[in-house]
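Okay, query-v1.pdb is below, PDB, C-alpha atoms:
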ATOM      1  CA  MET A 109      48.358 -30.236  33.659
ATOM      2  CA  THR A 110      48.282 -28.767  30.164
ATOM      3  CA  VAL A 111      44.912 -27.195  29.401
ATOM      4  CA  VAL A 112      43.999 -28.197  25.881
ATOM      5  CA  ASN A 113      42.115 -25.634  23.839
ATOM      6  CA  THR A 114      38.597 -27.000  23.305
ATOM      7  CA  ALA A 115      37.833 -24.537  20.489
ATOM      8  CA  ALA A 116      40.541 -25.882  18.199
ATOM      9  CA  PRO A 117      42.742 -28.990  18.117
ATOM     10  CA  HIS A 118      46.000 -28.889  20.028
ATOM     11  CA  ARG A 119      48.700 -28.382  17.403
ATOM     12  CA  VAL A 120      51.683 -30.756  17.492
ATOM     13  CA  VAL A 121      54.601 -29.870  15.226
ATOM     14  CA  VAL A 122      57.212 -32.566  14.636
ATOM     15  CA  LEU A 123      60.667 -31.221  13.736
ATOM     16  CA  ALA A 124      62.555 -33.591  11.424
ATOM     17  CA  LEU A 125      66.284 -32.939  11.646
ATOM     18  CA  ASP A 126      69.132 -34.428   9.630
ATOM     19  CA  GLY A 127      69.496 -38.177  10.181
ATOM     20  CA  VAL A 128      66.017 -38.518  11.682
ATOM     21  CA  TYR A 129      64.904 -42.047  12.575
ATOM     22  CA  PRO A 130      61.761 -42.907  10.585
ATOM     23  CA  PHE A 131      60.153 -44.991  13.334
ATOM     24  CA  GLU A 132      60.421 -42.263  15.963
ATOM     25  CA  LEU A 133      59.413 -39.626  13.421
ATOM     26  CA  GLY A 134      56.095 -41.399  12.888
ATOM     27  CA  ILE A 135      55.176 -41.920  16.558
ATOM     28  CA  PRO A 136      53.574 -38.503  17.291
ATOM     29  CA  ASN A 137      51.417 -38.654  14.171
ATOM     30  CA  ARG A 138      50.305 -42.214  14.878
ATOM     31  CA  VAL A 139      49.491 -41.699  18.564
ATOM     32  CA  PHE A 140      48.115 -38.149  18.605
ATOM     33  CA  GLY A 141      46.397 -38.724  15.278
ATOM     34  CA  SER A 142      44.489 -41.632  16.829
ATOM     35  CA  ALA A 143      42.876 -39.279  19.375
ATOM     36  CA  THR A 144      40.252 -38.317  16.815
ATOM     37  CA  GLY A 145      39.882 -34.580  16.371
ATOM     38  CA  ARG A 146      41.832 -33.594  19.465
ATOM     39  CA  TYR A 147      45.220 -32.902  17.890
ATOM     40  CA  GLU A 148      46.455 -31.430  14.643
ATOM     41  CA  ILE A 149      49.865 -32.785  13.617
ATOM     42  CA  ARG A 150      52.284 -31.109  11.228
ATOM     43  CA  THR A 151      55.772 -32.229  10.270
ATOM     44  CA  CYS A 152      58.440 -29.731   9.299
ATOM     45  CA  SER A 153      62.124 -29.540   8.469
ATOM     46  CA  ILE A 154      64.398 -26.569   9.004
ATOM     47  CA  ASP A 155      63.893 -25.179   5.491
ATOM     48  CA  GLY A 156      60.964 -27.233   4.188
ATOM     49  CA  ARG A 157      63.259 -29.295   1.980
ATOM     50  CA  PRO A 158      63.638 -33.117   2.076
ATOM     51  CA  VAL A 159      65.511 -34.510   5.074
ATOM     52  CA  ARG A 160      68.054 -37.328   5.168
ATOM     53  CA  THR A 161      66.927 -40.169   7.415
ATOM     54  CA  SER A 162      68.896 -42.875   9.226
ATOM     55  CA  ALA A 163      67.522 -45.331   6.658
ATOM     56  CA  ASP A 164      68.274 -45.613   2.941
ATOM     57  CA  TYR A 165      65.810 -42.912   1.893
ATOM     58  CA  ASP A 166      65.008 -39.242   2.401
ATOM     59  CA  ILE A 167      61.645 -37.836   3.419
ATOM     60  CA  ALA A 168      59.781 -34.852   2.012
ATOM     61  CA  VAL A 169      57.791 -32.590   4.335
ATOM     62  CA  ALA A 170      55.162 -29.951   3.671
ATOM     63  CA  HIS A 171      56.371 -27.277   6.107
ATOM     64  CA  ASP A 172      59.468 -25.357   7.150
ATOM     65  CA  SER A 173      60.382 -24.196  10.671
ATOM     66  CA  GLY A 174      57.803 -21.420  10.468
ATOM     67  CA  ALA A 175      55.323 -24.078  11.590
ATOM     68  CA  LEU A 176      56.982 -24.005  15.015
ATOM     69  CA  GLU A 177      55.592 -20.525  15.662
ATOM     70  CA  THR A 178      52.064 -21.881  16.079
ATOM     71  CA  ALA A 179      52.916 -25.137  17.866
ATOM     72  CA  ASP A 180      51.325 -26.000  21.199
ATOM     73  CA  THR A 181      53.661 -29.006  21.409
ATOM     74  CA  VAL A 182      56.973 -29.479  19.582
ATOM     75  CA  ALA A 183      58.143 -33.067  19.116
ATOM     76  CA  LEU A 184      61.848 -33.841  18.577
ATOM     77  CA  PRO A 185      62.264 -37.403  17.291
ATOM     78  CA  ALA A 186      65.575 -39.297  17.409
ATOM     79  CA  CYS A 187      68.134 -38.075  14.897
ATOM     80  CA  ASP A 188      71.866 -37.925  14.160
ATOM     81  CA  ILE A 189      73.357 -36.851  17.506
ATOM     82  CA  SER A 190      76.779 -35.893  16.116
ATOM     83  CA  MET A 191      75.592 -32.328  15.517
ATOM     84  CA  THR A 192      74.861 -31.961  19.258
ATOM     85  CA  LEU A 193      78.095 -33.228  20.784
ATOM     86  CA  GLY A 194      79.972 -29.955  20.436
ATOM     87  CA  GLY A 195      77.663 -28.493  23.053
ATOM     88  CA  GLU A 196      75.864 -26.154  20.675
ATOM     89  CA  LEU A 197      73.504 -26.794  17.814
ATOM     90  CA  PRO A 198      74.190 -25.626  14.243
ATOM     91  CA  ARG A 199      73.003 -22.078  13.667
ATOM     92  CA  PRO A 200      70.018 -23.047  11.426
ATOM     93  CA  VAL A 201      68.726 -25.384  14.135
ATOM     94  CA  LEU A 202      69.162 -22.729  16.826
ATOM     95  CA  ASP A 203      67.308 -20.246  14.661
ATOM     96  CA  ALA A 204      64.479 -22.751  14.294
ATOM     97  CA  PHE A 205      64.284 -23.170  18.078
ATOM     98  CA  ALA A 206      64.055 -19.409  18.434
ATOM     99  CA  ARG A 207      60.779 -19.568  16.515
ATOM    100  CA  ILE A 208      59.107 -21.771  19.137
ATOM    101  CA  ARG A 209      56.590 -19.651  20.983
ATOM    102  CA  PRO A 210      56.879 -19.248  24.782
ATOM    103  CA  GLY A 211      54.793 -21.807  26.628
ATOM    104  CA  ALA A 212      54.980 -24.502  23.972
ATOM    105  CA  ARG A 213      55.495 -28.013  25.315
ATOM    106  CA  ILE A 214      58.694 -29.791  24.221
ATOM    107  CA  VAL A 215      58.649 -33.568  23.729
ATOM    108  CA  ALA A 216      61.982 -35.255  22.959
ATOM    109  CA  ILE A 217      61.802 -38.876  21.822
ATOM    110  CA  CYS A 218      64.814 -41.151  22.313
ATOM    111  CA  THR A 219      68.014 -39.320  21.255
ATOM    112  CA  GLY A 220      65.908 -36.261  20.527
ATOM    113  CA  ALA A 221      66.890 -35.495  24.137
ATOM    114  CA  PHE A 222      70.387 -34.678  22.820
ATOM    115  CA  VAL A 223      68.853 -31.925  20.699
ATOM    116  CA  ALA A 224      66.827 -30.542  23.608
ATOM    117  CA  ALA A 225      69.930 -30.620  25.833
ATOM    118  CA  ALA A 226      72.137 -28.920  23.241
ATOM    119  CA  ALA A 227      69.474 -26.208  22.947
ATOM    120  CA  GLY A 228      69.829 -25.599  26.692
ATOM    121  CA  LEU A 229      66.316 -26.804  27.500
ATOM    122  CA  LEU A 230      67.354 -29.528  29.949
ATOM    123  CA  ASP A 231      69.960 -27.771  32.125
ATOM    124  CA  GLY A 232      69.249 -28.621  35.761
ATOM    125  CA  ARG A 233      66.229 -30.697  34.816
ATOM    126  CA  PRO A 234      65.496 -34.444  34.943
ATOM    127  CA  ALA A 235      65.530 -36.277  31.618
ATOM    128  CA  THR A 236      66.111 -39.626  29.990
ATOM    129  CA  THR A 237      67.278 -40.989  26.647
ATOM    130  CA  HIS A 238      68.117 -44.340  25.084
ATOM    131  CA  TRP A 239      70.040 -46.465  27.612
ATOM    132  CA  ASN A 240      72.714 -47.246  25.017
ATOM    133  CA  GLN A 241      73.587 -43.551  24.709
ATOM    134  CA  ALA A 242      73.392 -42.657  28.403
ATOM    135  CA  GLU A 243      77.127 -42.345  29.027
ATOM    136  CA  VAL A 244      77.627 -40.291  25.854
ATOM    137  CA  PHE A 245      74.811 -38.021  27.012
ATOM    138  CA  ARG A 246      76.279 -37.612  30.505
ATOM    139  CA  ARG A 247      79.670 -36.585  29.121
ATOM    140  CA  ALA A 248      78.145 -34.125  26.675
ATOM    141  CA  PHE A 249      75.566 -32.603  29.035
ATOM    142  CA  PRO A 250      76.700 -32.935  32.656
ATOM    143  CA  ARG A 251      74.217 -30.300  33.866
ATOM    144  CA  VAL A 252      71.242 -32.516  32.977
ATOM    145  CA  ARG A 253      69.909 -34.846  35.702
ATOM    146  CA  LEU A 254      69.837 -37.957  33.533
ATOM    147  CA  ASP A 255      67.868 -41.033  34.622
ATOM    148  CA  PRO A 256      68.534 -43.833  32.098
ATOM    149  CA  GLY A 257      66.415 -46.377  33.965
ATOM    150  CA  VAL A 258      62.942 -45.057  33.128
ATOM    151  CA  LEU A 259      60.742 -45.148  30.027
ATOM    152  CA  TYR A 260      60.048 -41.418  30.103
ATOM    153  CA  VAL A 261      60.344 -38.309  32.246
ATOM    154  CA  ASP A 262      57.581 -35.713  32.577
ATOM    155  CA  ASP A 263      58.994 -32.433  33.856
ATOM    156  CA  GLY A 264      55.969 -30.338  33.038
ATOM    157  CA  ASP A 265      56.645 -28.384  29.865
ATOM    158  CA  VAL A 266      59.632 -30.519  28.806
ATOM    159  CA  LEU A 267      59.310 -34.286  28.468
ATOM    160  CA  THR A 268      61.810 -36.912  27.314
ATOM    161  CA  SER A 269      61.525 -40.593  26.482
ATOM    162  CA  ALA A 270      63.843 -43.565  26.370
ATOM    163  CA  GLY A 271      64.589 -45.379  23.149
ATOM    164  CA  ALA A 272      62.276 -46.092  20.215
ATOM    165  CA  ALA A 273      58.991 -47.602  21.459
ATOM    166  CA  ALA A 274      59.201 -45.622  24.710
ATOM    167  CA  GLY A 275      58.163 -42.686  22.545
ATOM    168  CA  VAL A 276      54.779 -44.407  22.237
ATOM    169  CA  ASP A 277      54.584 -44.609  26.031
ATOM    170  CA  LEU A 278      55.372 -40.914  26.343
ATOM    171  CA  CYS A 279      52.833 -39.809  23.730
ATOM    172  CA  LEU A 280      50.137 -41.984  25.333
ATOM    173  CA  HIS A 281      51.021 -40.394  28.664
ATOM    174  CA  LEU A 282      50.457 -36.966  27.137
ATOM    175  CA  VAL A 283      47.082 -37.971  25.732
ATOM    176  CA  ARG A 284      46.235 -39.252  29.194
ATOM    177  CA  ARG A 285      47.431 -36.007  30.777
ATOM    178  CA  ASP A 286      45.452 -33.907  28.322
ATOM    179  CA  HIS A 287      42.219 -35.892  28.055
ATOM    180  CA  GLY A 288      42.109 -38.564  30.773
ATOM    181  CA  SER A 289      42.643 -42.297  30.812
ATOM    182  CA  ALA A 290      39.521 -43.256  28.824
ATOM    183  CA  VAL A 291      40.730 -41.397  25.737
ATOM    184  CA  ALA A 292      44.317 -42.639  26.175
ATOM    185  CA  ASN A 293      43.109 -46.225  26.506
ATOM    186  CA  ALA A 294      41.068 -45.878  23.314
ATOM    187  CA  VAL A 295      44.134 -44.510  21.506
ATOM    188  CA  ALA A 296      46.244 -47.396  22.810
ATOM    189  CA  ARG A 297      43.711 -49.891  21.490
ATOM    190  CA  ARG A 298      43.769 -48.267  18.051
ATOM    191  CA  CYS A 299      47.553 -48.425  18.053
ATOM    192  CA  VAL A 300      47.513 -52.005  19.398
ATOM    193  CA  ALA A 301      49.782 -50.869  22.219
ATOM    194  CA  PRO A 302      49.592 -51.306  25.996
ATOM    195  CA  PRO A 303      48.074 -48.181  27.602
ATOM    196  CA  TRP A 304      50.706 -48.382  30.336
ATOM    197  CA  ARG A 305      53.935 -50.406  30.524
ATOM    198  CA  ASP A 306      55.386 -51.189  33.897
ATOM    199  CA  GLY A 307      59.081 -51.269  34.656
ATOM    200  CA  GLY A 308      61.807 -49.169  33.093
ATOM    201  CA  GLN A 309      64.270 -49.510  30.281
ATOM    202  CA  ALA A 310      66.672 -51.381  32.569
ATOM    203  CA  GLN A 311      64.765 -54.517  31.576
ATOM    204  CA  TYR A 312      65.864 -54.004  27.946
ATOM    205  CA  ILE A 313      69.576 -53.479  28.565
ATOM    206  CA  GLU A 314      71.697 -56.237  27.062
ATOM    207  CA  GLN A 315      72.161 -59.045  29.545
ATOM    208  CA  PRO A 316      72.448 -62.847  29.462
ATOM    209  CA  VAL A 317      69.208 -64.591  28.563
ATOM    210  CA  PRO A 318      68.012 -66.841  31.404
ATOM    211  CA  PRO A 319      68.339 -70.566  30.618
ATOM    212  CA  GLU A 320      65.296 -72.007  28.883
ATOM    213  CA  THR A 321      64.851 -74.520  31.693
ATOM    214  CA  SER A 322      64.469 -71.757  34.281
ATOM    215  CA  THR A 323      61.025 -70.975  35.631
ATOM    216  CA  GLY A 324      59.906 -67.396  34.994
ATOM    217  CA  THR A 325      58.008 -65.019  37.234
ATOM    218  CA  ALA A 326      55.190 -64.095  34.799
ATOM    219  CA  ALA A 327      52.593 -66.404  36.367
ATOM    220  CA  ALA A 328      53.347 -65.053  39.846
ATOM    221  CA  ARG A 329      53.051 -61.491  38.572
ATOM    222  CA  GLN A 330      49.695 -62.247  36.970
ATOM    223  CA  TRP A 331      48.447 -63.780  40.209
ATOM    224  CA  ALA A 332      49.597 -60.681  42.104
ATOM    225  CA  LEU A 333      47.698 -58.393  39.734
ATOM    226  CA  GLU A 334      44.547 -60.439  40.288
ATOM    227  CA  ASN A 335      44.956 -60.218  44.063
ATOM    228  CA  LEU A 336      46.129 -56.666  44.719
ATOM    229  CA  THR A 337      43.308 -56.133  47.211
ATOM    230  CA  HIS A 338      45.115 -58.572  49.498
ATOM    231  CA  PRO A 339      48.421 -57.932  51.309
ATOM    232  CA  VAL A 340      50.473 -59.888  48.768
ATOM    233  CA  THR A 341      54.064 -60.451  49.923
ATOM    234  CA  VAL A 342      57.257 -61.305  48.108
ATOM    235  CA  ASP A 343      57.389 -64.567  50.069
ATOM    236  CA  GLU A 344      53.996 -65.566  48.628
ATOM    237  CA  LEU A 345      55.117 -64.731  45.106
ATOM    238  CA  ALA A 346      58.282 -66.794  45.506
ATOM    239  CA  ILE A 347      56.244 -69.764  46.741
ATOM    240  CA  ARG A 348      53.887 -69.469  43.757
ATOM    241  CA  ALA A 349      56.894 -69.373  41.417
ATOM    242  CA  ARG A 350      58.363 -72.399  43.252
ATOM    243  CA  MET A 351      61.610 -70.604  43.957
ATOM    244  CA  SER A 352      63.507 -69.507  47.003
ATOM    245  CA  LYS A 353      62.933 -65.875  47.890
ATOM    246  CA  ARG A 354      66.484 -65.002  46.855
ATOM    247  CA  THR A 355      66.256 -66.763  43.481
ATOM    248  CA  PHE A 356      62.825 -65.257  42.826
ATOM    249  CA  ALA A 357      64.071 -61.731  43.558
ATOM    250  CA  ARG A 358      67.025 -62.184  41.201
ATOM    251  CA  ARG A 359      64.915 -63.618  38.379
ATOM    252  CA  PHE A 360      62.245 -60.977  38.910
ATOM    253  CA  ARG A 361      64.769 -58.160  38.564
ATOM    254  CA  ASP A 362      66.203 -59.779  35.419
ATOM    255  CA  GLU A 363      62.746 -59.949  33.817
ATOM    256  CA  VAL A 364      61.117 -56.737  35.041
ATOM    257  CA  GLY A 365      63.996 -54.394  35.812
ATOM    258  CA  MET A 366      63.086 -53.710  39.452
ATOM    259  CA  SER A 367      62.640 -55.526  42.759
ATOM    260  CA  PRO A 368      59.411 -57.451  43.499
ATOM    261  CA  GLY A 369      58.592 -55.116  46.393
ATOM    262  CA  ARG A 370      58.958 -51.996  44.270
ATOM    263  CA  TRP A 371      56.902 -53.588  41.486
ATOM    264  CA  LEU A 372      54.071 -54.434  43.891
ATOM    265  CA  ILE A 373      53.943 -50.858  45.132
ATOM    266  CA  GLN A 374      53.997 -49.571  41.564
ATOM    267  CA  GLN A 375      51.077 -51.795  40.565
ATOM    268  CA  ARG A 376      49.066 -50.673  43.598
ATOM    269  CA  VAL A 377      49.730 -47.033  42.695
ATOM    270  CA  PHE A 378      48.726 -47.649  39.059
ATOM    271  CA  ARG A 379      45.454 -49.234  40.182
ATOM    272  CA  ALA A 380      44.835 -46.406  42.647
ATOM    273  CA  ARG A 381      45.377 -43.812  39.921
ATOM    274  CA  HIS A 382      42.801 -45.540  37.739
ATOM    275  CA  LEU A 383      40.258 -45.540  40.569
ATOM    276  CA  LEU A 384      40.934 -41.890  41.373
ATOM    277  CA  GLU A 385      40.230 -41.031  37.743
ATOM    278  CA  SER A 386      37.220 -43.247  37.169
ATOM    279  CA  THR A 387      35.325 -43.417  40.512
ATOM    280  CA  GLU A 388      34.138 -41.260  43.396
ATOM    281  CA  LEU A 389      35.523 -43.651  46.027
ATOM    282  CA  THR A 390      37.187 -42.087  49.052
ATOM    283  CA  VAL A 391      40.958 -42.246  49.397
ATOM    284  CA  ASP A 392      40.651 -44.690  52.297
ATOM    285  CA  ARG A 393      38.361 -46.955  50.266
ATOM    286  CA  ILE A 394      40.699 -46.863  47.281
ATOM    287  CA  ALA A 395      43.622 -47.705  49.543
ATOM    288  CA  GLY A 396      41.779 -50.832  50.648
ATOM    289  CA  GLU A 397      40.840 -51.732  47.057
ATOM    290  CA  VAL A 398      44.486 -51.710  45.940
ATOM    291  CA  GLY A 399      46.055 -53.339  48.978
ATOM    292  CA  PHE A 400      47.496 -50.416  50.912
ATOM    293  CA  ALA A 401      46.933 -50.689  54.644
ATOM    294  CA  THR A 402      45.706 -47.116  55.077
ATOM    295  CA  GLY A 403      44.832 -43.988  53.140
ATOM    296  CA  THR A 404      47.963 -42.444  54.613
ATOM    297  CA  SER A 405      50.069 -45.168  52.995
ATOM    298  CA  LEU A 406      48.398 -44.513  49.629
ATOM    299  CA  ARG A 407      49.018 -40.782  49.948
ATOM    300  CA  GLN A 408      52.688 -41.377  50.747
ATOM    301  CA  HIS A 409      53.304 -43.766  47.847
ATOM    302  CA  LEU A 410      51.366 -41.663  45.339
ATOM    303  CA  TYR A 411      53.334 -38.574  46.331
ATOM    304  CA  GLU A 412      56.634 -40.452  46.069
ATOM    305  CA  SER A 413      55.604 -41.748  42.639
ATOM    306  CA  ILE A 414      54.253 -38.625  40.928
ATOM    307  CA  GLY A 415      54.618 -35.799  43.431
ATOM    308  CA  VAL A 416      50.946 -34.991  44.087
ATOM    309  CA  SER A 417      48.267 -35.878  46.622
ATOM    310  CA  PRO A 418      45.302 -38.117  45.714
ATOM    311  CA  GLN A 419      42.965 -35.119  45.805
ATOM    312  CA  ALA A 420      45.189 -33.080  43.483
ATOM    313  CA  TYR A 421      45.570 -36.034  41.118
ATOM    314  CA  ARG A 422      41.811 -36.581  41.004
ATOM    315  CA  ARG A 423      41.124 -32.899  40.300
ATOM    316  CA  THR A 424      43.670 -32.848  37.482
ATOM    317  CA  PHE A 425      42.724 -36.021  35.653
ATOM    318  CA  ARG A 426      38.990 -35.892  36.246
ATOM    319  CA  ALA A 427      39.159 -32.379  34.744
ATOM    320  CA  GLY A 428      40.873 -33.797  31.664
ATOM    321  CA  ALA A 429      38.220 -36.478  31.316
ATOM    322  CA  THR A 430      35.464 -33.875  31.727
ATOM    323  CA  VAL A 431      36.921 -31.802  28.906
ATOM    324  CA  ALA A 432      37.053 -34.873  26.686
ATOM    325  CA  ARG A 433      33.407 -35.787  27.457
ATOM    326  CA  ALA A 434      32.311 -32.210  26.784
ATOM    327  CA  GLU A 435      34.056 -32.247  23.419
ATOM    328  CA  ARG A 436      32.387 -35.526  22.442
ATOM    329  CA  SER A 437      28.949 -34.166  23.364
ATOM    330  CA  ARG A 438      29.242 -30.982  21.300
ATOM    331  CA  PRO A 439      26.533 -30.965  18.593
ATOM    332  CA  ASP A 440      28.932 -29.948  15.821
ATOM    333  CA  ARG A 441      31.023 -33.100  16.250
TER
END

I need this file expressed as structure tokens, please.
Amino acid sequence: MTVVNTAAPHRVVVLALDGVYPFELGIPNRVFGSATGRYEIRTCSIDGRPVRTSADYDIAVAHDSGALETADTVALPACDISMTLGGELPRPVLDAFARIRPGARIVAICTGAFVAAAAGLLDGRPATTHWNQAEVFRRAFPRVRLDPGVLYVDDGDVLTSAGAAAGVDLCLHLVRRDHGSAVANAVARRCVAPPWRDGGQAQYIEQPVPPETSTGTAAARQWALENLTHPVTVDELAIRARMSKRTFARRFRDEVGMSPGRWLIQQRVFRARHLLESTELTVDRIAGEVGFATGTSLRQHLYESIGVSPQAYRRTFRAGATVARAERSRPDR
């Protein structure tokens, strides 16, 4: 977990490179800026001069790459990837990266992962990028462990997101990691965004649209979410959707991007994480509340999902929430 400095806002510096995508460029400011008083956001270009965007206009920024020297987090929004495909970044960009202080967190949004990879920051590490550029990425950076099926990858001090709106998911995840779920949920509400999206970007890959006469799985999913305390099965979901189990599984994967069984486990883990953060319930009690047969089953699935035990997760995220509450209660705020 990143320990956010409570004496001063955590400084996020967004590096706008040539061909930057305006939507992705604005995500860090919109999300982190909505966590009132907890982050300071600055946007810079290599030399402080206007930057060409992917749209029909340039943008002017107030800072040059010297801003990177004081960054706690450096955000790399999507940009023109052609400068990365030779395997090495242009010298001015490399010089800018050299100004990033040791220990700063790197957040690459969408094809910003190409920049992080070309800078050598992703060698041997897991990462993701926009699904439409996955094969290009693999050819250019074979040493990176690319997973194009997820919305984002958190590898500690280096994080990457899938395309466009997945950058919102990643930034909300960081707010959650830094300050707990209550603050992240408040930020999501201000941004009119879901605090957590299930599934991965596989559900957005181009594929035939199901016929309009087909019955969807949304109602069955909603019923499952309302009944997670019970041992919901895929057979029950198929019956509720009035489909055969085989048809239901196929339609479910088309709509959600994963199997019904995997989705059910994911939803139980999500609910368990919320309870670990927000209650003092025992692990065994939480397991029962979210539909796992035993505390051992919860421990196994949580570890497979995020690599930590329930106790370690609770210590980490309850600590983040405690910091946030302490900041809110300070008399000078």

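The shortest atom-to-atom distance to A:Thr219, with all atoms listed in the file taken into account, belongs to A:Asp188 out of A:Asp262, A:Asp172, A:Asp362, A:Asp188.
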
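The residues returned by the PyMOL selection byres ((chain A and resi 214) around 9) on the shown structure are Asp180, Thr181, Val182, Ala183, Leu184, Ala212, Arg213, Val215, Ala216, Ala224, Leu229, Asp265, Val266, Leu267 and Thr268 of chain A.
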
Residues of the last selection are to be written out with C-alpha atoms, as a PDB file, in the frame of the given file.
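As a result, result_26.pdb now contains:
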ATOM      1  CA  ASP A 180      51.325 -26.000  21.199  1.00  0.00           C
ATOM      2  CA  THR A 181      53.661 -29.006  21.409  1.00  0.00           C
ATOM      3  CA  VAL A 182      56.973 -29.479  19.582  1.00  0.00           C
ATOM      4  CA  ALA A 183      58.143 -33.067  19.116  1.00  0.00           C
ATOM      5  CA  LEU A 184      61.848 -33.841  18.577  1.00  0.00           C
ATOM      6  CA  ALA A 212      54.980 -24.502  23.972  1.00  0.00           C
ATOM      7  CA  ARG A 213      55.495 -28.013  25.315  1.00  0.00           C
ATOM      8  CA  VAL A 215      58.649 -33.568  23.729  1.00  0.00           C
ATOM      9  CA  ALA A 216      61.982 -35.255  22.959  1.00  0.00           C
ATOM     10  CA  ALA A 224      66.827 -30.542  23.608  1.00  0.00           C
ATOM     11  CA  LEU A 229      66.316 -26.804  27.500  1.00  0.00           C
ATOM     12  CA  ASP A 265      56.645 -28.384  29.865  1.00  0.00           C
ATOM     13  CA  VAL A 266      59.632 -30.519  28.806  1.00  0.00           C
ATOM     14  CA  LEU A 267      59.310 -34.286  28.468  1.00  0.00           C
ATOM     15  CA  THR A 268      61.810 -36.912  27.314  1.00  0.00           C
TER      16      THR A 268
END

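Using all atoms listed in the file, the shortest contact distance between A:Trp239 and any of A:Ala349, A:Leu197, A:Ala272, A:Ala290 is found at A:Ala272.
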
Which of A:Val252, A:Leu202, A:Leu282, A:Ala175 sits closest to A:Gly264 [using only C-alpha atoms]:
A:Leu282

Contacts of stretch 138-151 of chain A at 8 Å (only C-alpha atoms; same-chain gap of 4+ positions) as a ChimeraX atom specification:
/A:116-124,134,169-171,175,276,279-280,283,291-292,294-296,298-299

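Among A:Val342, A:Leu133, A:Ala380, A:Ala248, the residue with the shortest atom-to-atom distance to A:Ser417, counting only C-alpha atoms, is A:Ala380.
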
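Residues matched by the PyMOL selection byres ((chain A and resi 388-402) around 8) in this file are A:Leu336, A:Thr337, A:His338, A:Pro339, A:Val340, A:Arg376, A:Val377, A:Arg379, A:Ala380, A:Leu383, A:Leu384, A:Ser386, A:Thr387, A:Gly403, A:Thr404, A:Ser405, A:Leu406, A:Pro418.
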